[in-house]
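Peer 1: The following block contains the structure, expressed as structure tokens.
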Amino acid sequence: MWINLSALWKIVVFGLIAGAGLPAIFAGGLYALSWGPRTGKLATAGADAGDDSDVLVGGNVLGMVLAAIAFLIVLAAIGWGIYEVYQIGHPPVKK
Amino acid sequence: MLVLVVITALCFDFTNGFHDTGNAMATSIATGALGPRTAVAISGVLNFVGAFLSLAVAATIANGLVDTKVVTLTVVAAGLAGGIIWNLVTWLFGIPSSSSHALIGGVIGSVIAASGGSAVLWKGLVSKVVLPAVFSPIIAALVAAVGTYLLYRISRSMTEGARKHGFRIGQIGSACMVSLAHGTNDAQKTMGVITLALIANGTLAAKSNAPIWVIVCCAIAISLGTYIGGWRVIRTLGKGLVEIESPQGMAAESASAAIILLSSSFGYSLSTTHVATGSIIGTGLGKKGAEVRWNVAGRMATAWIFTLPSAALVGAGAEALAHGIGGTLGVVVDLILLAALAGFIYYRSRGSKVDHNNVNAEWTGGVAPSEPAEPVAA
């Protein structure tokens, strides 16, 4: 076989999960983190001041907890991924 | 003579380093997530680490592409020369081209010049090099486009400033991953070539794995090259293709990192350049209203198509020359020519200098990086 189809599919699927999914979870974490009064967007509808703020943490407790979970998932996935790459890349040497 | 070949290989690794820095860091430098010099320093360190992470690609290069019985040191040296020349020329023009293909092209050309086409394991070449090269940018573009779309969708109710701030942090993480991934894929290539040389020399048995000292030297060479920082290429990737914002930068680098790491695990020697470029273009497609400068992309695609054959031609030429002169002297002549050419190219590049000061200057329409007339403090 000139094309390793199973490898190809794995790369597409895992690529999507890791390459698009993980950033999405990260984005979700950022979004949850932004809940709360401190990020300015909820405060004054119609005022411009909120848009320039680059404060990330809104202060909402639930938001922060969800964000922490999201970020932990991302970090864990990355750690696991690196571990896997190492495992696959260092096959046991046949003596 | 083995020493000469190894040194040449490490030189190639060095050019590979600065050619590919952009793949990991261009988007972060372009959006300001990382300062230029910090970016290349981090990239250098992570490339070093990544080089140790996976040995799969080195194995492919050393054993899967050419019949090791016909490989001589002269052949390897000539192949490397081909790869180095191509890398330098494309660097001068700021074209992100595949160092991987430059190397493979050079070696293939040199092998064909030495022993004819039957010495090349065409099936291995196609299935582990050419096809991944064609598919990977497409997959990367797909993943990056999806990622970009998702990122913008999920963060749509955040303020502009917060979004930029948050994703800049994300960009740092994803750029680090790409540097790591690059180490696993690209440093491996040179290790594979050096292993090939060692096998050819009889120092190692066929189908061996790369020895530790090879791994360490290649890791150092590539991270040094990365740190020197190919600013010209960084500029093209970061500014010339798509005007990038932070979410796009993160999406692009995450897509690249994922695909490179996955492919390294399968032993596919990818072009990290092709993947990174595909990702960047993908982010242009995933965001409504983003502009992709297709003429720049077109110029790159042309360079890519020419990479394998051109490097092969130079490799073949170098091999013919070295073989004609014979023995160690032949290789030395090749290397002197190589050094002279390298010096000339470097001299030409000083006329239109791009460095960490003007890498982020406005893209003024022309493709060549000589556009930044006055250095703009980034």
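Please note that chains go A, B, ... in the order of the structure tokens, that every chain numbers its residues from 1, and that ligands are numbered from 1 in the order shown.
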Pull the closest atom pair for each residue of chain B that gets at most 8 Å from chain A, along with the distance in Å to one decimal, counting only C-alpha atoms, ordering rows by chain and then ascending residue number, as CSV.

Peer 2:
residue,atom,partner,partner_atom,distance
B:Leu53,CA,A:Tyr86,CA,5.1
B:Ser54,CA,A:Gly89,CA,3.9
B:Leu55,CA,A:Gly89,CA,4.9
B:Ala56,CA,A:Gly89,CA,5.2
B:Lys123,CA,A:Trp2,CA,6.8
B:Val126,CA,A:Trp2,CA,7.1
B:Ser127,CA,A:Trp2,CA,5.3
B:Leu131,CA,A:Ile3,CA,7.3
B:Ile139,CA,A:Val12,CA,6.4
B:Val143,CA,A:Leu16,CA,5.3
B:Ala144,CA,A:Ala20,CA,6.6
B:Val146,CA,A:Ala20,CA,6.3
B:Gly147,CA,A:Ala20,CA,4.1
B:Thr148,CA,A:Ala20,CA,7.7
B:Leu150,CA,A:Ala24,CA,6.0
B:Leu151,CA,A:Ala24,CA,5.6
B:Ile154,CA,A:Gly28,CA,6.2
B:Ser155,CA,A:Tyr31,CA,5.9
B:Ser157,CA,A:Tyr31,CA,7.9
B:Met158,CA,A:Tyr31,CA,6.8
B:Thr159,CA,A:Asp51,CA,5.2
B:Glu160,CA,A:Asp51,CA,6.2
B:Gly161,CA,A:Asp54,CA,4.1
B:Ala162,CA,A:Asp54,CA,3.9
B:Arg163,CA,A:Asp54,CA,7.4
B:Lys164,CA,A:Asp54,CA,7.6
B:His165,CA,A:Asp54,CA,6.1
B:Gly166,CA,A:Leu30,CA,6.6
B:Phe167,CA,A:Ala27,CA,7.9
B:Gly170,CA,A:Phe26,CA,7.7
B:Met250,CA,A:Pro23,CA,7.4
B:Ala251,CA,A:Pro23,CA,6.7
B:Ser254,CA,A:Gly19,CA,4.9
B:Ala255,CA,A:Gly19,CA,4.1
B:Ser256,CA,A:Gly19,CA,7.3
B:Ala257,CA,A:Gly19,CA,7.2
B:Ala258,CA,A:Gly19,CA,5.1
B:Ile259,CA,A:Gly15,CA,5.5
B:Leu261,CA,A:Val85,CA,7.1
B:Leu262,CA,A:Ile11,CA,6.1
B:Ser263,CA,A:Ile11,CA,7.0
B:Ser264,CA,A:Val85,CA,8.0
B:Ser265,CA,A:Val85,CA,5.9
B:Phe266,CA,A:Ala7,CA,7.4

Peer 1: Near Val107 (chain B), within 10 Å and counting only C-alpha atoms, which residues show up once chain neighbours fewer than 6 positions away are dropped, as a list of chain:residue names?

Peer 2: B:Leu65, B:Val66, B:Val71, B:Val75, B:Val76, B:Ala77, B:Ala78, B:Gly79, B:Leu80, B:Ala81, B:Gly82, B:Gly83, B:His101, B:Ala113, B:Val120, B:Val193, B:Leu308, B:Ala311, B:Ala312, B:Leu313, B:Val314, B:Gly315, B:Ala316, B:Glu319

Peer 1: Please provide the set of residues having any atom within 9 Å of region 338-348 of chain B, restricted to only C-alpha atoms, with same-chain residues fewer than 6 positions apart removed, written as a PyMOL selection string.

Peer 2: chain B and resi 81-82+84-85+88-89+92

Peer 1: Include N, CA and C atoms and write out the residues we just selected as a PDB file, in the first residue's frame.

Peer 2:
ATOM      1  N   ALA B  81      25.355  18.863   0.774  1.00  0.00           N
ATOM      2  CA  ALA B  81      25.667  20.121   0.095  1.00  0.00           C
ATOM      3  C   ALA B  81      24.442  20.625  -0.653  1.00  0.00           C
ATOM      4  N   GLY B  82      23.766  19.697  -1.350  1.00  0.00           N
ATOM      5  CA  GLY B  82      22.564  20.078  -2.071  1.00  0.00           C
ATOM      6  C   GLY B  82      21.537  20.699  -1.146  1.00  0.00           C
ATOM      7  N   ILE B  84      21.999  22.067   1.836  1.00  0.00           N
ATOM      8  CA  ILE B  84      22.417  23.338   2.435  1.00  0.00           C
ATOM      9  C   ILE B  84      22.235  24.479   1.453  1.00  0.00           C
ATOM     10  N   ILE B  85      22.653  24.259   0.212  1.00  0.00           N
ATOM     11  CA  ILE B  85      22.534  25.319  -0.790  1.00  0.00           C
ATOM     12  C   ILE B  85      21.081  25.751  -0.937  1.00  0.00           C
ATOM     13  N   LEU B  88      19.940  27.818   1.964  1.00  0.00           N
ATOM     14  CA  LEU B  88      20.481  29.175   2.002  1.00  0.00           C
ATOM     15  C   LEU B  88      19.817  30.069   0.965  1.00  0.00           C
ATOM     16  N   VAL B  89      19.635  29.525  -0.232  1.00  0.00           N
ATOM     17  CA  VAL B  89      19.041  30.346  -1.293  1.00  0.00           C
ATOM     18  C   VAL B  89      17.615  30.755  -0.919  1.00  0.00           C
ATOM     19  N   LEU B  92      17.586  33.427   1.660  1.00  0.00           N
ATOM     20  CA  LEU B  92      17.894  34.756   1.137  1.00  0.00           C
ATOM     21  C   LEU B  92      16.627  35.439   0.625  1.00  0.00           C
TER      22      LEU B  92
END

Peer 1: In Å, rounded to a single decimal, give me how far CA of Thr283 (chain B) is from CA of Gln248 (chain B).

Peer 2: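 Spanning CA of Gln248 (chain B) to CA of Thr283 (chain B) is a straight-line distance of 5.5 Å.
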
Peer 1: So which residues touch region 182-189 of chain B within 7 Å, counting only C-alpha atoms, skipping near sequence neighbours fewer than 2 positions away, as a PyMOL selection string?

Peer 2: chain B and resi 13+47-55+57-58+61+178-180+191-193+218-219+222+264+269+272

Peer 1: How about saving the chosen residues, C-alpha atoms kept, as a CSV table (one decimal), in the first residue's frame?

Peer 2:
chain,number,residue,atom,x,y,z
B,13,ASP,CA,21.1,21.1,10.9
B,47,ASN,CA,14.1,22.2,19.9
B,48,PHE,CA,16.9,20.8,21.9
B,49,VAL,CA,14.6,19.0,24.2
B,50,GLY,CA,12.4,17.8,21.4
B,51,ALA,CA,15.3,16.3,19.6
B,52,PHE,CA,15.5,13.7,22.3
B,53,LEU,CA,11.9,12.9,22.4
B,54,SER,CA,11.4,10.6,19.5
B,55,LEU,CA,13.7,8.5,17.3
B,57,VAL,CA,12.1,9.8,12.0
B,58,ALA,CA,15.8,9.2,12.2
B,61,ILE,CA,15.8,8.6,7.0
B,178,VAL,CA,5.6,23.5,17.9
B,179,SER,CA,9.3,24.0,18.8
B,180,LEU,CA,9.2,20.8,20.7
B,191,MET,CA,20.5,12.3,12.9
B,192,GLY,CA,19.2,10.0,10.3
B,193,VAL,CA,21.7,11.3,7.7
B,218,CYS,CA,22.3,17.4,16.2
B,219,ALA,CA,20.2,18.8,19.1
B,222,ILE,CA,19.5,22.8,15.5
B,264,SER,CA,6.7,12.0,14.1
B,269,SER,CA,9.4,12.9,7.9
B,272,THR,CA,7.3,21.4,9.4

Peer 1: Suppose you want the space between CA of Ser97 (chain B) and CA of Cys11 (chain B); what is it in Å?

Peer 2: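 Distance between the two atoms: 17.1 Å.
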
Peer 1: Please, what distance in Å, to one decimal, runs between CA of Ala141 (chain B) and CA of Gly22 (chain B)?

Peer 2: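 Spanning CA of Ala141 (chain B) to CA of Gly22 (chain B) is a straight-line distance of 16.9 Å.
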
Peer 1: Quick one: everything within 12 Å of Thr38 (chain B), counting only C-alpha atoms, minus sequence neighbours fewer than 4 positions away in the same chain. Send it as number ranges by chain.

Peer 2: B: 25, 28-29, 32-34, 42-45, 172, 175-176, 226-229, 356
